[in-house]
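See structure below.
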Amino acid sequence: MSSRAIVTAGLTRTFSGLRAVDQLDLNVPHGAIYGFLGPNGAGKTTSIRMLLGLLRPTAGTIELLGTTLHFGDPRPLRKVGALVESPSLYGHLTGRENLAVQALYLNVSRVAVDRSLELVDLSRDADRTVRTYSLGMRQRLGLAQALLGEPELLILDEPTNGLDPAGMNDMRSFLRALPGKSGVTVFLSSHLLSEVEYIASHIGILHNGRLLFQGTIDELHAVEGVHVTVEAQPMEVAERFLQEIGFPTARLGDGQLSVRVEHRDDAIRVNRSLIEAGLDVSHVSVSRRSLEEIFLSLTGSPDRVTEDR
Amino acid sequence: MIVFVRSLQAEVWKLRRTLAVWMVLLAPLIPVSLQFFILLDRGRASEQSTWPSFLQGTFSLWSIFMLPLFIVLETALVNGTEHAASGWKQMFALPVERWKIYLAKTLTSMLLVAGAYCVLMVSVLGAGLLLPVLKPVMNFSGGIPWATWAGYAWGSFVASLLIVVIHFWLSARFRGFPLPLGVGIGATFFAVFATSARWGEYYPWLLPLNSMFAQRADTAVVLGPAGACLALALMLFDLSRRDVS
C-alpha cells in the first residue's frame, strides 16, 4: 500500500479561460485527517470533483491510493467513499433502500447496509422515506453512503454544511474517531476553520485555486510562530529594545506589544531582558494565533506567505 | 456484465413508488377507453367484424398521440430522479463506468415502454370483448384476430425505440420537463402533417404508426431499432465524456 492516499501533480482546471484550480500539488499521507481549507469559491469543490473523476482536469495527474486516476476509468475509486456537497438521496425511497441501491453498484451485502446505518445512528429511521428526514439525518445518510463500500479513503466536501451545532459536534467526533478505528484516510473540505482545527492532522489552504500552505497543523503554527503579548513602560523604549535584541514586534493598541518568538520558552527571555533593562513590566502572556488569524493573514497577503515559506 | 446487471437492478429499485410505474398502467387506458366510448356511443351494425378496425383505430391513436408523450414523460421521470437527487455525481464517483449506468437507464426506459404495450394489449382485448356485450348490435364475430393484434403491438414497439433513445438523451442532458416536452409536442405536431409526406416514411415520430401499414411497415421496423442502436452509441459516447456538475 502506498504511504500516500492522495497525490496530485500540477492539477489544473480552467473554465472558459479562468483558472479555477491552478497547479495543485496535494500530498495526503495515509491515515491522515486532511483539512482542505479555503473560502467559498477558492476551488475546493472543483478540486474534489477532479479527484472523484467527475471533472476532467485541464492538466496534471491524480493518484488515489497508489493508482493513477484517468478520466473515464473509475476503477481507482473502488476504495474511495465520497460525499460531494449535499448528499445525493432519492426522496421517494427509504433510507435503507437508498443504501441498498448503492450497495448494488458497489457489490456489497445487505449486512454492510445495516452496518452503515448503525454507524451513523440511523437504524431506527431506516424504513422511513428520505423525504421525511431532517437535514441532519440526510447528511448522516450521505455519510453512510460514503462509508458503505468500506473505503480506505473518504473524500468529504463540506460535510457539516447545514448542520446545527450539535450535529456539527457529532460529525466532528465521528470523523476524529475514524482513522484510529479503521485506518481510513479522511480528506475533508471546509470554509470554516474552527471545524477542522481540532480534528485535522494535516492542513491544505487553498485560495484562488492555488495552494498557499500544506503541512501538519504544527508546521502551520510554526510558520506563524508563537506570539507573546507584553505590556511594559515606557512602551516605545521596550519596543526598540526588543527589536534590538532580535524579536520582531507589532503594536496591538491598548499599550500592548505583540512579540514574535520561536518557542514558548522565549517568553521567559523576553520578560527577563525587559526587567534587566530597567523597564516596568505589568503583563506577559503567550498566545498562539488561532488558525482563523493565520488563515486571514495567509489569504489576505499571499505574497508574504511565499516569502515566509 | 455482472456490474451491468446490478446497475439495471438498481434502476428497477429506484422506480419503486414512482409516477413512472403508475403511468405504465394508466397511459394505455386512455386511447383504449376513448375508442371504447366512441364505439359504445356510435357503434353500428356491420357485415364485417369490427375487430380489425377497432384494433387498428386503438393502436393508431396510441402510436401517434399517446406514445410520444408517454415516452417524454417516462424518460424525463427516469432521468429526473437523478437530476432531483443530484444522483449523477454520486453514481459517477462509484467504480462503475458511466456508459453502463446510462445503458441501464435507457433499457429501463425501454422496459417501461414495453410494459405499457403489455397493458395496451390486454386492455384492448378486454374492451373488444366487452363492447358486444354492452352493445349487442355490434359485430365482433369471427374471434380475436391474434396475428393482427400481436403484429401491431410488436411492430409499433420496436419502431418506437428510436424515439425512446432521442428523448432519453434530451432528458439526461437537460434538467426538467420543458425542453423534452416541447420537443415531444412539436415533433408530434409535425408527425400529424407528415403522414402524407414522402419523408414521413423516415420521420422518427411516425415510425410506430407507419409500422401498422403495409407500404411503410418494412422501413419502420428496421429503422426504429437500427436508428435506436446508432443513436444509443452516439449518446453513450457523448454522455460519458461530459463533466458532471
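Letters A, B, ... go to the chains of the C-alpha cells in the order shown; residues in each chain start at 1; ligands are counted from 1 in the same order.
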
Please provide the set of residues having any atom within 12 Å of Trp154 (chain B), restricted to only C-alpha atoms, with same-chain residues fewer than 4 positions apart removed, written as a PyMOL selection string.
chain B and resi 59+63+113-114+117-118+120-121+147-150+158-161+208-209+211-212+217+220-221+224-225

Compile a residue-level contact table for chain B against chain A at a cut-off of 9 Å, reporting for every qualifying residue the shortest atom pair and its distance in Å to one decimal, with only C-alpha atoms counted, rows ordered by chain and ascending number, as a Markdown table.
```
| residue | atom | partner | partner_atom | distance |
| --- | --- | --- | --- | --- |
| B:Val3 | CA | A:Tyr105 | CA | 6.9 |
| B:Phe4 | CA | A:Tyr105 | CA | 8.8 |
| B:Arg6 | CA | A:Leu104 | CA | 5.6 |
| B:Ser7 | CA | A:Tyr105 | CA | 6.0 |
| B:Gln9 | CA | A:Leu104 | CA | 7.5 |
| B:Ala10 | CA | A:Val101 | CA | 5.2 |
| B:Glu11 | CA | A:Val101 | CA | 8.1 |
| B:Trp13 | CA | A:Val101 | CA | 6.8 |
| B:Lys14 | CA | A:Leu93 | CA | 7.4 |
| B:Arg16 | CA | A:Leu93 | CA | 7.3 |
| B:Arg17 | CA | A:His92 | CA | 6.7 |
| B:Thr18 | CA | A:His92 | CA | 7.4 |
| B:Thr81 | CA | A:Tyr90 | CA | 7.1 |
| B:Glu82 | CA | A:Tyr90 | CA | 7.9 |
| B:Ala84 | CA | A:Tyr90 | CA | 8.0 |
| B:Ala85 | CA | A:Ser88 | CA | 5.1 |
| B:Ser86 | CA | A:Ser88 | CA | 5.2 |
| B:Gly87 | CA | A:Ser88 | CA | 5.0 |
| B:Trp88 | CA | A:Ser88 | CA | 8.2 |
| B:Lys89 | CA | A:Leu54 | CA | 6.8 |
| B:Gln90 | CA | A:Ser88 | CA | 6.1 |
| B:Met91 | CA | A:Gln102 | CA | 8.0 |
| B:Phe92 | CA | A:Leu54 | CA | 6.7 |
| B:Ala93 | CA | A:Leu52 | CA | 5.4 |
| B:Leu94 | CA | A:Leu77 | CA | 6.2 |
| B:Pro95 | CA | A:Pro74 | CA | 4.7 |
| B:Val96 | CA | A:Pro74 | CA | 6.2 |
| B:Glu97 | CA | A:Pro74 | CA | 6.2 |
| B:Arg98 | CA | A:Gly72 | CA | 7.6 |
| B:Ser240 | CA | A:Gly72 | CA | 7.2 |
| B:Arg241 | CA | A:Gly72 | CA | 7.2 |
| B:Arg242 | CA | A:Leu55 | CA | 8.0 |
| B:Asp243 | CA | A:Leu55 | CA | 4.8 |
| B:Val244 | CA | A:Leu54 | CA | 5.2 |
| B:Ser245 | CA | A:Leu54 | CA | 7.7 |
```

With C-alpha atoms retained, could you export that selection as a tab-separated table (two decimals), in the first residue's frame?
```
chain	number	residue	atom	x	y	z
B	3	VAL	CA	-21.83	-4.88	-12.96
B	4	PHE	CA	-24.25	-4.00	-15.74
B	6	ARG	CA	-26.60	-4.91	-11.00
B	7	SER	CA	-26.89	-1.40	-12.45
B	9	GLN	CA	-31.35	-3.94	-10.93
B	10	ALA	CA	-30.60	-0.65	-9.18
B	11	GLU	CA	-32.62	1.25	-11.78
B	13	TRP	CA	-35.30	-0.47	-7.49
B	14	LYS	CA	-35.36	3.28	-7.97
B	16	ARG	CA	-40.50	1.98	-6.50
B	17	ARG	CA	-43.39	4.25	-5.57
B	18	THR	CA	-42.84	6.47	-8.61
B	81	THR	CA	-34.99	11.18	-10.37
B	82	GLU	CA	-31.24	11.69	-10.75
B	84	ALA	CA	-33.64	15.95	-8.45
B	85	ALA	CA	-31.45	13.92	-6.10
B	86	SER	CA	-28.21	15.13	-7.78
B	87	GLY	CA	-27.68	11.43	-8.12
B	88	TRP	CA	-25.34	11.65	-11.10
B	89	LYS	CA	-22.36	12.85	-9.07
B	90	GLN	CA	-22.91	10.11	-6.50
B	91	MET	CA	-23.18	7.34	-9.12
B	92	PHE	CA	-20.29	8.56	-11.22
B	93	ALA	CA	-17.99	8.69	-8.20
B	94	LEU	CA	-18.56	4.93	-7.84
B	95	PRO	CA	-16.35	2.36	-9.52
B	96	VAL	CA	-18.88	1.78	-12.33
B	97	GLU	CA	-18.33	3.03	-15.89
B	98	ARG	CA	-20.74	5.76	-16.86
B	240	SER	CA	-19.72	9.55	-20.87
B	241	ARG	CA	-17.36	12.35	-21.85
B	242	ARG	CA	-19.23	15.15	-20.16
B	243	ASP	CA	-18.24	16.88	-16.94
B	244	VAL	CA	-20.66	16.19	-14.11
B	245	SER	CA	-21.91	19.26	-12.36
```

DSSP-assigned helix (DSSP H, G or I) members of region 81-194 of chain B, reported as an MDAnalysis selection string
chainID B and resid 81:85 87:92 98:134 146:173 178:194

Would you save the residues of that selection, restricted to C-alpha atoms, as a PDB file, in the first residue's frame?
```
ATOM      1  CA  THR B  81     -34.988  11.183 -10.367  1.00  0.00           C
ATOM      2  CA  GLU B  82     -31.236  11.688 -10.751  1.00  0.00           C
ATOM      3  CA  HIS B  83     -31.450  15.405 -11.517  1.00  0.00           C
ATOM      4  CA  ALA B  84     -33.639  15.951  -8.450  1.00  0.00           C
ATOM      5  CA  ALA B  85     -31.454  13.919  -6.105  1.00  0.00           C
ATOM      6  CA  GLY B  87     -27.678  11.425  -8.116  1.00  0.00           C
ATOM      7  CA  TRP B  88     -25.335  11.649 -11.097  1.00  0.00           C
ATOM      8  CA  LYS B  89     -22.356  12.847  -9.072  1.00  0.00           C
ATOM      9  CA  GLN B  90     -22.907  10.113  -6.503  1.00  0.00           C
ATOM     10  CA  MET B  91     -23.185   7.340  -9.116  1.00  0.00           C
ATOM     11  CA  PHE B  92     -20.288   8.555 -11.216  1.00  0.00           C
ATOM     12  CA  ARG B  98     -20.742   5.757 -16.855  1.00  0.00           C
ATOM     13  CA  TRP B  99     -21.860   4.137 -20.072  1.00  0.00           C
ATOM     14  CA  LYS B 100     -23.092   1.118 -18.109  1.00  0.00           C
ATOM     15  CA  ILE B 101     -25.209   3.346 -15.899  1.00  0.00           C
ATOM     16  CA  TYR B 102     -26.650   5.218 -18.882  1.00  0.00           C
ATOM     17  CA  LEU B 103     -27.279   1.999 -20.786  1.00  0.00           C
ATOM     18  CA  ALA B 104     -29.051   0.501 -17.777  1.00  0.00           C
ATOM     19  CA  LYS B 105     -31.241   3.577 -17.535  1.00  0.00           C
ATOM     20  CA  THR B 106     -32.057   3.529 -21.254  1.00  0.00           C
ATOM     21  CA  LEU B 107     -33.016  -0.129 -21.078  1.00  0.00           C
ATOM     22  CA  THR B 108     -35.169   0.620 -18.047  1.00  0.00           C
ATOM     23  CA  SER B 109     -36.996   3.283 -20.075  1.00  0.00           C
ATOM     24  CA  MET B 110     -37.497   0.731 -22.859  1.00  0.00           C
ATOM     25  CA  LEU B 111     -38.819  -1.763 -20.318  1.00  0.00           C
ATOM     26  CA  LEU B 112     -41.353   0.789 -19.108  1.00  0.00           C
ATOM     27  CA  VAL B 113     -42.494   1.347 -22.696  1.00  0.00           C
ATOM     28  CA  ALA B 114     -42.705  -2.428 -23.208  1.00  0.00           C
ATOM     29  CA  GLY B 115     -44.771  -2.628 -20.031  1.00  0.00           C
ATOM     30  CA  ALA B 116     -47.191  -0.060 -21.434  1.00  0.00           C
ATOM     31  CA  TYR B 117     -47.545  -2.141 -24.615  1.00  0.00           C
ATOM     32  CA  CYS B 118     -48.466  -5.156 -22.474  1.00  0.00           C
ATOM     33  CA  VAL B 119     -51.149  -3.132 -20.692  1.00  0.00           C
ATOM     34  CA  LEU B 120     -52.358  -1.824 -24.042  1.00  0.00           C
ATOM     35  CA  MET B 121     -52.603  -5.342 -25.474  1.00  0.00           C
ATOM     36  CA  VAL B 122     -54.590  -6.683 -22.546  1.00  0.00           C
ATOM     37  CA  SER B 123     -56.909  -3.703 -22.211  1.00  0.00           C
ATOM     38  CA  VAL B 124     -57.703  -3.501 -25.936  1.00  0.00           C
ATOM     39  CA  LEU B 125     -58.766  -7.157 -25.839  1.00  0.00           C
ATOM     40  CA  GLY B 126     -60.865  -6.547 -22.747  1.00  0.00           C
ATOM     41  CA  ALA B 127     -62.583  -3.583 -24.396  1.00  0.00           C
ATOM     42  CA  GLY B 128     -63.209  -5.581 -27.600  1.00  0.00           C
ATOM     43  CA  LEU B 129     -64.774  -8.425 -25.626  1.00  0.00           C
ATOM     44  CA  LEU B 130     -66.896  -6.078 -23.515  1.00  0.00           C
ATOM     45  CA  LEU B 131     -68.294  -3.973 -26.379  1.00  0.00           C
ATOM     46  CA  PRO B 132     -70.560  -6.637 -27.985  1.00  0.00           C
ATOM     47  CA  VAL B 133     -71.886  -7.486 -24.517  1.00  0.00           C
ATOM     48  CA  LEU B 134     -72.886  -3.867 -23.811  1.00  0.00           C
ATOM     49  CA  TRP B 146     -54.498 -12.666 -32.814  1.00  0.00           C
ATOM     50  CA  ALA B 147     -51.927 -12.181 -35.557  1.00  0.00           C
ATOM     51  CA  THR B 148     -53.016  -8.604 -36.286  1.00  0.00           C
ATOM     52  CA  TRP B 149     -53.154  -7.830 -32.566  1.00  0.00           C
ATOM     53  CA  ALA B 150     -49.649  -9.153 -31.854  1.00  0.00           C
ATOM     54  CA  GLY B 151     -48.273  -7.708 -35.105  1.00  0.00           C
ATOM     55  CA  TYR B 152     -49.476  -4.193 -34.356  1.00  0.00           C
ATOM     56  CA  ALA B 153     -48.066  -4.277 -30.846  1.00  0.00           C
ATOM     57  CA  TRP B 154     -44.673  -5.703 -31.768  1.00  0.00           C
ATOM     58  CA  GLY B 155     -44.186  -3.507 -34.844  1.00  0.00           C
ATOM     59  CA  SER B 156     -45.198  -0.337 -33.071  1.00  0.00           C
ATOM     60  CA  PHE B 157     -42.987  -1.155 -30.081  1.00  0.00           C
ATOM     61  CA  VAL B 158     -39.770  -1.832 -31.992  1.00  0.00           C
ATOM     62  CA  ALA B 159     -40.419   1.191 -34.219  1.00  0.00           C
ATOM     63  CA  SER B 160     -40.724   3.372 -31.111  1.00  0.00           C
ATOM     64  CA  LEU B 161     -37.243   2.567 -29.760  1.00  0.00           C
ATOM     65  CA  LEU B 162     -35.576   5.380 -31.701  1.00  0.00           C
ATOM     66  CA  ILE B 163     -37.845   7.968 -30.051  1.00  0.00           C
ATOM     67  CA  VAL B 164     -37.074   6.434 -26.653  1.00  0.00           C
ATOM     68  CA  VAL B 165     -33.343   6.961 -27.183  1.00  0.00           C
ATOM     69  CA  ILE B 166     -33.789  10.503 -28.562  1.00  0.00           C
ATOM     70  CA  HIS B 167     -35.876  11.541 -25.580  1.00  0.00           C
ATOM     71  CA  PHE B 168     -33.641   9.766 -23.122  1.00  0.00           C
ATOM     72  CA  TRP B 169     -30.700  11.731 -24.468  1.00  0.00           C
ATOM     73  CA  LEU B 170     -32.575  15.011 -24.187  1.00  0.00           C
ATOM     74  CA  SER B 171     -33.779  14.451 -20.661  1.00  0.00           C
ATOM     75  CA  ALA B 172     -30.384  13.174 -19.479  1.00  0.00           C
ATOM     76  CA  ARG B 173     -28.692  16.326 -20.751  1.00  0.00           C
ATOM     77  CA  PRO B 178     -39.833  21.945 -20.521  1.00  0.00           C
ATOM     78  CA  LEU B 179     -37.281  21.126 -23.209  1.00  0.00           C
ATOM     79  CA  PRO B 180     -38.041  17.413 -23.737  1.00  0.00           C
ATOM     80  CA  LEU B 181     -41.758  18.121 -23.525  1.00  0.00           C
ATOM     81  CA  GLY B 182     -41.502  20.981 -26.020  1.00  0.00           C
ATOM     82  CA  VAL B 183     -39.586  18.800 -28.446  1.00  0.00           C
ATOM     83  CA  GLY B 184     -42.080  15.963 -27.962  1.00  0.00           C
ATOM     84  CA  ILE B 185     -45.138  18.128 -28.600  1.00  0.00           C
ATOM     85  CA  GLY B 186     -43.530  19.866 -31.582  1.00  0.00           C
ATOM     86  CA  ALA B 187     -42.395  16.587 -33.103  1.00  0.00           C
ATOM     87  CA  THR B 188     -45.840  15.018 -32.645  1.00  0.00           C
ATOM     88  CA  PHE B 189     -47.451  18.056 -34.232  1.00  0.00           C
ATOM     89  CA  PHE B 190     -45.211  17.661 -37.261  1.00  0.00           C
ATOM     90  CA  ALA B 191     -45.971  13.945 -37.358  1.00  0.00           C
ATOM     91  CA  VAL B 192     -49.644  14.639 -37.999  1.00  0.00           C
ATOM     92  CA  PHE B 193     -48.730  16.618 -41.111  1.00  0.00           C
ATOM     93  CA  ALA B 194     -46.018  14.213 -42.148  1.00  0.00           C
TER      94      ALA B 194
END
```

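Here CA of Gly215 (chain A) is placed at a distance of 13.8 Å from CA of Val196 (chain A).
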
Please extract the residues of region 30-206 of chain A with a backbone DSSP assignment of strand (DSSP E or B) and present them as a VMD selection string.
chain A and resid 33 to 37 59 to 64 67 to 68 70 73 80 to 83 94 129 153 to 157 185 to 190 202 to 206

Grab the residues selected above and save them as a short mmCIF file (atom, residue, chain, number, x, y, z; two decimals), in the first residue's frame with N, CA and C atoms.
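The result, stored in out_9.cif:
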```
data_model
loop_
_atom_site.label_atom_id
_atom_site.label_comp_id
_atom_site.auth_asym_id
_atom_site.auth_seq_id
_atom_site.Cartn_x
_atom_site.Cartn_y
_atom_site.Cartn_z
N ILE A 33 -6.07 12.93 8.78
CA ILE A 33 -7.30 13.69 8.56
C ILE A 33 -6.83 15.00 7.97
N TYR A 34 -7.12 15.18 6.71
CA TYR A 34 -6.58 16.31 5.98
C TYR A 34 -7.67 17.35 5.79
N GLY A 35 -7.48 18.51 6.39
CA GLY A 35 -8.46 19.59 6.24
C GLY A 35 -8.09 20.43 5.03
N PHE A 36 -9.00 20.48 4.07
CA PHE A 36 -8.75 21.22 2.84
C PHE A 36 -9.53 22.52 2.95
N LEU A 37 -8.80 23.58 3.29
CA LEU A 37 -9.47 24.83 3.67
C LEU A 37 -9.40 25.88 2.59
N ALA A 59 -5.08 19.96 -16.85
CA ALA A 59 -3.70 19.47 -16.84
C ALA A 59 -3.43 18.81 -15.49
N GLY A 60 -2.35 18.02 -15.45
CA GLY A 60 -1.94 17.44 -14.18
C GLY A 60 -2.38 16.00 -14.00
N THR A 61 -1.87 15.39 -12.93
CA THR A 61 -2.17 13.98 -12.68
C THR A 61 -2.73 13.80 -11.27
N ILE A 62 -3.47 12.68 -11.11
CA ILE A 62 -4.08 12.35 -9.82
C ILE A 62 -3.74 10.90 -9.49
N GLU A 63 -3.28 10.68 -8.28
CA GLU A 63 -3.05 9.32 -7.83
C GLU A 63 -3.84 9.10 -6.55
N LEU A 64 -4.72 8.07 -6.57
CA LEU A 64 -5.51 7.75 -5.39
C LEU A 64 -5.09 6.38 -4.87
N THR A 67 -2.89 4.39 -7.14
CA THR A 67 -3.29 4.11 -8.52
C THR A 67 -3.61 5.41 -9.24
N THR A 68 -3.13 5.53 -10.46
CA THR A 68 -3.39 6.76 -11.23
C THR A 68 -4.84 6.77 -11.70
N HIS A 70 -7.50 8.01 -14.30
CA HIS A 70 -7.69 8.62 -15.63
C HIS A 70 -9.17 8.92 -15.79
N ASP A 73 -12.16 6.29 -16.38
CA ASP A 73 -11.91 4.95 -15.84
C ASP A 73 -12.06 5.01 -14.32
N VAL A 80 -12.75 4.26 -2.46
CA VAL A 80 -12.94 5.67 -2.11
C VAL A 80 -14.42 5.91 -1.82
N GLY A 81 -14.70 6.51 -0.69
CA GLY A 81 -16.09 6.88 -0.39
C GLY A 81 -16.20 8.39 -0.47
N ALA A 82 -17.33 8.89 -0.99
CA ALA A 82 -17.40 10.33 -1.21
C ALA A 82 -18.75 10.91 -0.80
N LEU A 83 -18.66 12.13 -0.34
CA LEU A 83 -19.87 12.93 -0.09
C LEU A 83 -19.56 14.32 -0.66
N THR A 94 -36.76 4.78 1.00
CA THR A 94 -36.40 4.86 2.42
C THR A 94 -34.88 4.96 2.55
N THR A 129 -39.33 7.05 4.44
CA THR A 129 -38.82 7.63 3.20
C THR A 129 -37.96 8.85 3.54
N LEU A 153 -10.23 5.53 1.72
CA LEU A 153 -10.11 6.98 1.60
C LEU A 153 -11.50 7.58 1.54
N LEU A 154 -11.73 8.55 2.43
CA LEU A 154 -13.04 9.19 2.49
C LEU A 154 -12.86 10.65 2.05
N ILE A 155 -13.58 11.03 0.99
CA ILE A 155 -13.48 12.40 0.50
C ILE A 155 -14.79 13.11 0.77
N LEU A 156 -14.76 14.10 1.66
CA LEU A 156 -15.98 14.76 2.09
C LEU A 156 -15.91 16.25 1.80
N ASP A 157 -16.91 16.72 1.07
CA ASP A 157 -16.94 18.13 0.71
C ASP A 157 -17.91 18.84 1.64
N THR A 185 -8.23 7.14 5.65
CA THR A 185 -7.73 8.49 5.46
C THR A 185 -8.93 9.38 5.17
N VAL A 186 -9.01 10.51 5.86
CA VAL A 186 -10.15 11.40 5.64
C VAL A 186 -9.65 12.70 5.01
N PHE A 187 -10.24 13.06 3.89
CA PHE A 187 -9.92 14.31 3.22
C PHE A 187 -11.19 15.14 3.25
N LEU A 188 -11.19 16.21 4.02
CA LEU A 188 -12.43 16.96 4.10
C LEU A 188 -12.22 18.43 3.84
N SER A 189 -13.14 18.99 3.09
CA SER A 189 -13.01 20.41 2.76
C SER A 189 -13.92 21.21 3.67
N SER A 190 -13.54 22.45 3.88
CA SER A 190 -14.36 23.32 4.70
C SER A 190 -13.97 24.77 4.47
N HIS A 202 -3.51 17.26 9.28
CA HIS A 202 -2.82 17.97 8.20
C HIS A 202 -3.77 19.02 7.60
N ILE A 203 -3.16 20.03 7.06
CA ILE A 203 -3.96 21.14 6.51
C ILE A 203 -3.44 21.53 5.13
N GLY A 204 -4.36 21.81 4.24
CA GLY A 204 -4.00 22.44 2.98
C GLY A 204 -4.85 23.68 2.86
N ILE A 205 -4.25 24.80 2.49
CA ILE A 205 -5.03 26.03 2.39
C ILE A 205 -5.05 26.51 0.94
N LEU A 206 -6.26 26.61 0.43
CA LEU A 206 -6.44 26.95 -0.98
C LEU A 206 -7.01 28.35 -1.08
#
```

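Checking A:Gln233, A:Ser123, A:Ser182, A:Gln139 one by one against Gly162 (chain A), counting only C-alpha atoms, you find the shortest gap at A:Gln139.
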
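The interatomic distance for the pair CA of Thr50 (chain B) and CA of Asn210 (chain B) works out to 21.4 Å.
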
Do you know which residues are at most 7 Å from Ala144 (chain A) counting only C-alpha atoms, after dropping those on the same chain fewer than 5 positions away, and could you put them as a list in words?
Ser116, Leu117 and Val120 of chain A

Output for the residues just chosen: N, CA and C atoms as a CSV table (one decimal), in the first residue's frame:
```
chain,number,residue,atom,x,y,z
A,116,SER,N,-23.7,0.2,8.0
A,116,SER,CA,-23.5,1.6,7.7
A,116,SER,C,-24.6,2.4,8.4
A,117,LEU,N,-25.8,1.9,8.4
A,117,LEU,CA,-26.9,2.6,9.1
A,117,LEU,C,-26.6,2.7,10.6
A,120,VAL,N,-24.0,5.4,11.5
A,120,VAL,CA,-24.4,6.9,11.6
A,120,VAL,C,-25.7,7.0,12.4
```
